[in-house]
file entry12.txt (compact mmCIF, C-alpha atoms)
# COMPACT_ATOMS: atom_id res chain seq x y z
CA MET C 287 0.00 0.00 0.00
CA LYS C 288 2.82 2.42 0.86
CA VAL C 289 4.52 1.81 -2.49
CA PHE C 290 1.22 2.34 -4.32
CA SER C 291 0.59 5.60 -2.43
CA LEU C 292 4.06 6.84 -3.34
CA PHE C 293 3.42 5.97 -6.99
CA LEU C 294 0.18 7.98 -6.95
CA ALA C 295 1.87 10.91 -5.22
CA LEU C 296 4.45 11.02 -8.00
CA VAL C 297 2.23 10.31 -10.99
CA ILE C 298 -1.04 12.16 -10.25
CA PRO C 299 0.51 15.66 -10.32
CA PHE C 300 2.08 14.87 -13.69
CA LEU C 301 -1.18 13.52 -15.08
CA SER C 302 -3.06 16.53 -13.71
CA VAL C 303 -0.73 18.95 -15.44
CA GLN C 304 -0.88 16.95 -18.63
CA ALA C 305 -4.69 17.00 -18.52
CA GLY C 306 -4.71 20.77 -18.19
CA VAL C 307 -5.54 20.86 -14.48
CA PRO C 308 -3.32 23.43 -12.75
CA PHE C 309 -0.80 21.83 -10.41
CA SER C 310 -1.65 24.48 -7.79
CA HIS C 311 -5.25 23.21 -7.79
CA TYR C 312 -4.02 19.69 -7.11
CA LEU C 313 -1.75 21.00 -4.34
CA THR C 314 -4.53 23.02 -2.73
CA GLN C 315 -6.90 20.06 -2.78
CA THR C 316 -4.41 17.58 -1.31
CA ALA C 317 -3.09 20.12 1.20
CA GLY C 318 -6.65 20.67 2.42
CA ASN C 319 -6.93 16.92 2.87
CA GLY C 320 -3.90 16.96 5.18
CA GLU C 321 -1.05 16.01 2.82
CA ALA C 322 2.06 17.45 4.49
CA GLU C 323 4.14 17.58 1.31
CA SER C 324 1.48 19.60 -0.54
CA GLN C 325 1.13 21.92 2.46
CA PHE C 326 4.87 22.46 2.44
CA ILE C 327 5.03 23.25 -1.28
CA LEU C 328 2.08 25.66 -1.05
CA GLY C 329 3.83 27.35 1.84
CA LEU C 330 6.92 27.91 -0.30
CA GLU C 331 4.84 29.25 -3.20
CA CYS C 332 2.97 31.70 -0.95
CA HIS C 333 6.17 32.75 0.80
CA ASP C 334 8.13 33.41 -2.40
CA GLY C 335 5.34 34.80 -4.57
CA TRP C 336 5.41 32.03 -7.16
CA THR C 337 6.30 33.13 -10.70
CA GLY C 338 6.40 29.73 -12.36
CA LYS C 339 10.04 28.97 -11.62
CA ILE C 340 12.34 28.56 -8.66
CA GLN C 341 14.29 31.77 -8.26
CA ALA C 342 17.64 32.27 -6.53
CA ASN C 343 17.71 33.19 -2.83
CA THR C 344 14.16 32.02 -2.13
CA ALA C 345 12.73 29.45 0.25
CA ALA C 346 12.06 27.18 -2.74
CA SER C 347 15.71 27.43 -3.80
CA LYS C 348 16.74 26.32 -0.29
CA TRP C 349 14.45 23.32 -0.68
CA HIS C 350 16.09 22.54 -4.02
CA ASP C 351 19.57 22.78 -2.51
CA MET C 352 18.59 20.46 0.35
CA ALA C 353 17.06 17.95 -2.07
CA VAL C 354 20.25 17.92 -4.14
CA GLU C 355 22.37 17.51 -1.00
CA MET C 356 20.17 14.60 0.12
CA ASN C 357 19.94 13.14 -3.42
CA ASP C 358 16.21 13.02 -2.72
CA GLN C 359 14.77 11.87 -6.04
CA ARG C 360 11.14 12.28 -4.97
CA ALA C 361 11.71 15.91 -4.00
CA LEU C 362 13.70 16.57 -7.18
CA LEU C 363 10.87 15.12 -9.28
CA LEU C 364 8.36 17.40 -7.58
CA ILE C 365 10.67 20.37 -8.19
CA ALA C 366 10.84 19.40 -11.86
CA LEU C 367 7.03 19.27 -12.02
CA LEU C 368 6.79 22.71 -10.42
CA ARG C 369 9.18 24.10 -13.00
CA LYS C 370 7.07 22.71 -15.86
CA GLN C 371 3.83 24.29 -14.69
CA SER C 372 3.13 27.99 -15.17
CA ASP C 373 0.66 28.82 -12.38
CA ARG C 374 1.22 32.04 -10.48
CA VAL C 375 0.68 32.33 -6.74
CA ALA C 376 0.54 35.72 -5.03
CA LYS C 377 2.91 36.36 -2.14
CA ASN C 378 1.06 35.89 1.16
CA GLU C 379 3.24 35.58 4.27
CA GLY C 380 0.36 34.66 6.58
CA GLU C 381 -0.82 31.87 4.29
CA ALA C 382 2.75 30.68 3.82
CA ILE C 383 3.35 30.37 7.55
CA ARG C 384 0.03 28.60 8.04
CA TRP C 385 0.88 25.90 5.47
CA LEU C 386 4.48 25.54 6.62
CA GLN C 387 3.36 25.22 10.25
CA SER C 388 0.92 22.49 9.35
CA ALA C 389 3.53 20.51 7.41
CA ALA C 390 6.11 20.98 10.18
CA GLN C 391 3.66 19.80 12.81
CA GLN C 392 3.22 16.59 10.81
CA GLY C 393 6.97 16.02 10.94
CA ASP C 394 8.01 17.13 7.44
CA ASP C 395 11.75 17.75 7.84
CA TYR C 396 12.00 20.10 4.87
CA ALA C 397 9.16 22.21 6.33
CA ARG C 398 10.83 22.31 9.74
CA VAL C 399 14.14 23.51 8.33
CA ILE C 400 12.63 26.08 5.95
CA LEU C 401 10.26 27.45 8.60
CA GLY C 402 13.11 27.43 11.10
CA ASP C 403 15.26 29.45 8.69
CA ILE C 404 12.42 31.92 8.13
CA LEU C 405 12.07 32.41 11.87
CA LEU C 406 15.81 32.79 12.42
CA GLU C 407 16.07 35.39 9.66
CA GLY C 408 12.80 37.19 10.38
CA ASP C 409 12.01 36.76 6.69
CA GLY C 410 8.63 38.47 6.30
CA ILE C 411 7.62 37.76 9.92
CA PRO C 412 9.06 38.77 13.30
CA ALA C 413 12.26 36.86 14.02
CA ASN C 414 11.95 34.19 16.69
CA TRP C 415 15.36 32.63 17.34
CA VAL C 416 14.09 30.19 19.99
CA ALA C 417 11.28 28.76 17.85
CA GLY C 418 13.44 28.63 14.73
CA THR C 419 16.28 26.82 16.48
CA GLU C 420 13.97 24.30 18.13
CA LEU C 421 12.30 23.46 14.82
CA ILE C 422 15.61 22.79 13.12
CA LYS C 423 16.89 20.88 16.15
CA LYS C 424 13.93 18.48 16.02
CA SER C 425 14.91 17.35 12.54
CA ALA C 426 18.62 17.38 13.40
CA TYR C 427 18.03 14.91 16.22
CA VAL C 428 16.13 12.50 13.97
CA GLY C 429 19.04 12.40 11.52
CA PHE C 430 18.17 14.93 8.78
CA PRO C 431 21.60 16.11 7.49
CA PRO C 432 20.51 19.59 6.26
CA ALA C 433 19.13 20.30 9.75
CA GLN C 434 22.31 19.03 11.38
CA LEU C 435 24.35 21.29 9.11
CA ARG C 436 22.20 24.27 10.07
CA MET C 437 22.62 23.52 13.76
CA GLY C 438 26.34 23.73 13.18
CA MET C 439 25.88 27.12 11.53
CA VAL C 440 23.63 28.31 14.38
CA TYR C 441 26.36 27.63 16.94
CA LEU C 442 29.14 28.84 14.66
CA VAL C 443 27.51 32.27 14.32
CA GLY C 444 25.75 32.42 17.69
CA GLY C 445 22.50 34.10 18.61
CA ALA C 446 20.49 35.54 21.46
CA THR C 447 19.60 32.16 22.96
CA THR C 448 22.37 30.04 21.45
CA PRO C 449 25.71 31.73 22.19
CA LYS C 450 28.58 31.06 19.81
CA ASP C 451 30.08 27.67 20.68
CA GLU C 452 32.92 26.35 18.52
CA ILE C 453 32.81 22.85 20.03
CA GLU C 454 29.04 22.49 19.60
CA ALA C 455 29.25 23.83 16.04
CA LEU C 456 32.02 21.42 15.08
CA ALA C 457 30.17 18.53 16.75
CA TRP C 458 27.11 19.16 14.58
CA PHE C 459 29.29 19.46 11.46
CA ILE C 460 30.83 16.07 12.35
CA VAL C 461 27.38 14.53 12.78
CA ALA C 462 26.11 15.96 9.48
CA ALA C 463 29.28 14.94 7.64
CA ASP C 464 28.96 11.38 8.96
CA ALA C 465 25.35 11.40 7.68
CA GLY C 466 26.62 12.19 4.19
CA SER C 467 26.53 15.99 3.89
CA SER C 468 29.37 17.13 1.63
CA VAL C 469 28.90 20.76 2.72
CA ALA C 470 29.18 19.75 6.39
CA ARG C 471 32.31 17.77 5.54
CA GLU C 472 33.95 20.95 4.24
CA PHE C 473 33.01 22.86 7.38
CA ARG C 474 34.18 19.97 9.57
CA ASP C 475 37.59 19.85 7.92
CA GLU C 476 38.06 23.63 7.91
CA ARG C 477 37.02 24.06 11.55
CA THR C 478 39.13 21.09 12.67
CA GLN C 479 42.20 22.58 11.02
CA THR C 480 41.49 26.05 12.43
CA LEU C 481 40.65 25.02 16.00
CA GLY C 482 43.30 22.37 16.47
CA ARG C 483 43.46 18.77 17.61
CA GLU C 484 42.41 19.27 21.24
CA ILE C 485 39.20 21.16 20.44
CA ALA C 486 38.46 18.69 17.66
CA ARG C 487 38.80 15.82 20.13
CA LEU C 488 36.23 17.46 22.42
CA ALA C 489 33.91 18.03 19.46
CA VAL C 490 34.15 14.36 18.43
CA ARG C 491 33.22 13.36 21.98
CA ARG C 492 30.28 15.78 21.89
CA SER C 493 29.15 14.48 18.48
CA ARG C 494 28.86 10.98 19.94
CA ILE C 495 26.53 12.34 22.62
CA LEU C 496 24.44 14.10 19.97
CA LEU C 497 24.18 10.88 17.98
CA GLY C 498 22.94 9.08 21.07
CA LYS C 499 20.08 11.52 21.62
CA THR C 500 16.61 10.72 20.41
CA GLY C 501 15.51 14.34 20.28
CA PRO C 502 14.02 17.08 22.43
CA SER C 503 12.00 16.13 25.50
CA PRO C 504 8.49 14.96 24.55
CA ASN C 505 7.25 17.44 27.16
CA ALA C 506 8.96 20.36 25.47
CA PRO C 507 6.63 23.05 24.10
CA ASP C 508 5.67 22.74 20.43
CA SER C 509 7.66 25.40 18.58
CA THR C 510 5.84 25.14 15.26
CA THR C 511 3.64 28.12 16.18
CA PRO C 512 5.70 31.34 15.80
CA ALA C 513 4.95 34.26 18.07
CA GLY C 514 2.14 36.37 16.68
CA HIS C 515 0.73 33.55 14.53
CA ALA C 516 -2.01 31.35 15.93
CA ARG C 517 -2.47 27.77 14.79
CA SER C 518 -5.01 27.36 12.05
call {"tool": "encode", "arguments": {"input": "entry12.txt", "output": "structure tokens"}}
result
Amino acid sequence: MKVFSLFLALVIPFLSVQAGVPFSHYLTQTAGNGEAESQFILGLECHDGWTGKIQANTAASKWHDMAVEMNDQRALLLIALLRKQSDRVAKNEGEAIRWLQSAAQQGDDYARVILGDILLEGDGIPANWVAGTELIKKSAYVGFPPAQLRMGMVYLVGGATTPKDEIEALAWFIVAADAGSSVAREFRDERTQTLGREIARLAVRRSRILLGKTGPSPNAPDSTTPAGHARS
């Protein structure tokens, strides 16, 4: 059944476009029925102001980069379908956050990372460093390399609630590199050379602790609802 569902998820959008049914209509219908992936894609379209193609320096381009890094063929196929269709979606930050929240709450790792980035950057909504970091951390702990890479960047740069921490940053780069992230591997090697053997040894020890964690406490507050935006 799972294989059949995946087949339909891949083929139906293509058939819909071929039959002249706008892909956005298919996405809206399936998103309304609770499909996390459709909710996520609609969120990106509404956030970027969809023009019919993935533009540089947008949330959709971040999704593309993550899909390439993960060699995620299903995501890359959906990106290809989006590029083929010509629907236009008006920019609507509130609608974007609503769809991204819904997908993130269902555990979509791409949605968590993208929404986390939006919150960290204050991209169209008030910045919320705590909520953004916690969202990304949830996917980092379950083994999603792009999230692990971003956790390394969070600690490398530092923020209001996550002070700069070279050991923690390098530990996350080690974890992401071990999970297959080529970008994290570059950061791991550069930071190891810069910081020296002793700091690197501490970071390796810390990375083993991170790998042993199962994630944030189940009693921790749900951070998928940014400040100022109520759940739909």
call {"tool": "residues_around", "arguments": {"input": "entry12.txt", "residues": "Met352 (chain C)", "least_positions_apart": "2", "cutoff": "10 Å", "atoms": "all atoms listed in the file", "output": "ChimeraX atom specification"}}
result
/C:346-350,354-358,361-362,396,399-400,431-433,467
call {"tool": "closest_residue", "arguments": {"input": "entry12.txt", "among": "C:Thr314, C:Gln434, C:Gln479, C:Asn378", "to": "Phe459 (chain C)", "atoms": "all atoms listed in the file"}}
result
C:Gln434
call {"tool": "atom_distance", "arguments": {"input": "entry12.txt", "atom1": "CA of Arg374 (chain C)", "atom2": "CA of Gly408 (chain C)"}}
result
24.4 Å
call {"tool": "atom_distance", "arguments": {"input": "entry12.txt", "atom1": "CA of Ala486 (chain C)", "atom2": "CA of Arg474 (chain C)"}}
result
9.2 Å
call {"tool": "closest_residue", "arguments": {"input": "entry12.txt", "among": "C:Asp403, C:Glu454, C:Asp464, C:Glu472", "to": "Arg487 (chain C)", "atoms": "only C-alpha atoms"}}
result
C:Glu454
call {"tool": "atom_distance", "arguments": {"input": "entry12.txt", "atom1": "CA of Leu401 (chain C)", "atom2": "CA of Arg471 (chain C)"}}
result
24.3 Å
call {"tool": "closest_atom_pairs", "arguments": {"input": "entry12.txt", "of": "region 401-486 of chain C", "to": "region 320-340 of chain C", "cutoff": "10 Å", "atoms": "only C-alpha atoms", "output": "Markdown table"}}
result
| residue | atom | partner | partner_atom | distance |
| --- | --- | --- | --- | --- |
| C:Leu401 | CA | C:Gly329 | CA | 9.3 |
| C:Ile404 | CA | C:His333 | CA | 9.7 |
| C:Asp409 | CA | C:His333 | CA | 9.2 |
| C:Gly410 | CA | C:His333 | CA | 8.3 |
call {"tool": "closest_residue", "arguments": {"input": "entry12.txt", "among": "C:Ser310, C:Pro449, C:Leu456, C:Ala463", "to": "Arg491 (chain C)", "atoms": "all atoms listed in the file"}}
result
C:Leu456
call {"tool": "residues_around", "arguments": {"input": "entry12.txt", "residues": "Gly438 (chain C)", "least_positions_apart": "2", "cutoff": "9 Å", "atoms": "all atoms listed in the file", "output": "short mmCIF file (atom, residue, chain, number, x, y, z; two decimals) with C-alpha atoms, in the frame of the given file"}}
result
data_model
loop_
_atom_site.label_atom_id
_atom_site.label_comp_id
_atom_site.auth_asym_id
_atom_site.auth_seq_id
_atom_site.Cartn_x
_atom_site.Cartn_y
_atom_site.Cartn_z
CA ALA C 433 19.13 20.30 9.75
CA GLN C 434 22.31 19.03 11.38
CA LEU C 435 24.35 21.29 9.11
CA ARG C 436 22.20 24.27 10.07
CA VAL C 440 23.63 28.31 14.38
CA TYR C 441 26.36 27.63 16.94
CA LEU C 442 29.14 28.84 14.66
CA VAL C 443 27.51 32.27 14.32
CA GLU C 452 32.92 26.35 18.52
CA GLU C 454 29.04 22.49 19.60
CA ALA C 455 29.25 23.83 16.04
CA LEU C 456 32.02 21.42 15.08
CA ALA C 457 30.17 18.53 16.75
CA TRP C 458 27.11 19.16 14.58
CA PHE C 459 29.29 19.46 11.46
CA ILE C 460 30.83 16.07 12.35
CA ALA C 462 26.11 15.96 9.48
CA ALA C 470 29.18 19.75 6.39
CA PHE C 473 33.01 22.86 7.38
#
call {"tool": "closest_residue", "arguments": {"input": "entry12.txt", "among": "C:Leu496, C:Ala417, C:Ala446, C:Leu405", "to": "Gly429 (chain C)", "atoms": "only C-alpha atoms"}}
result
C:Leu496
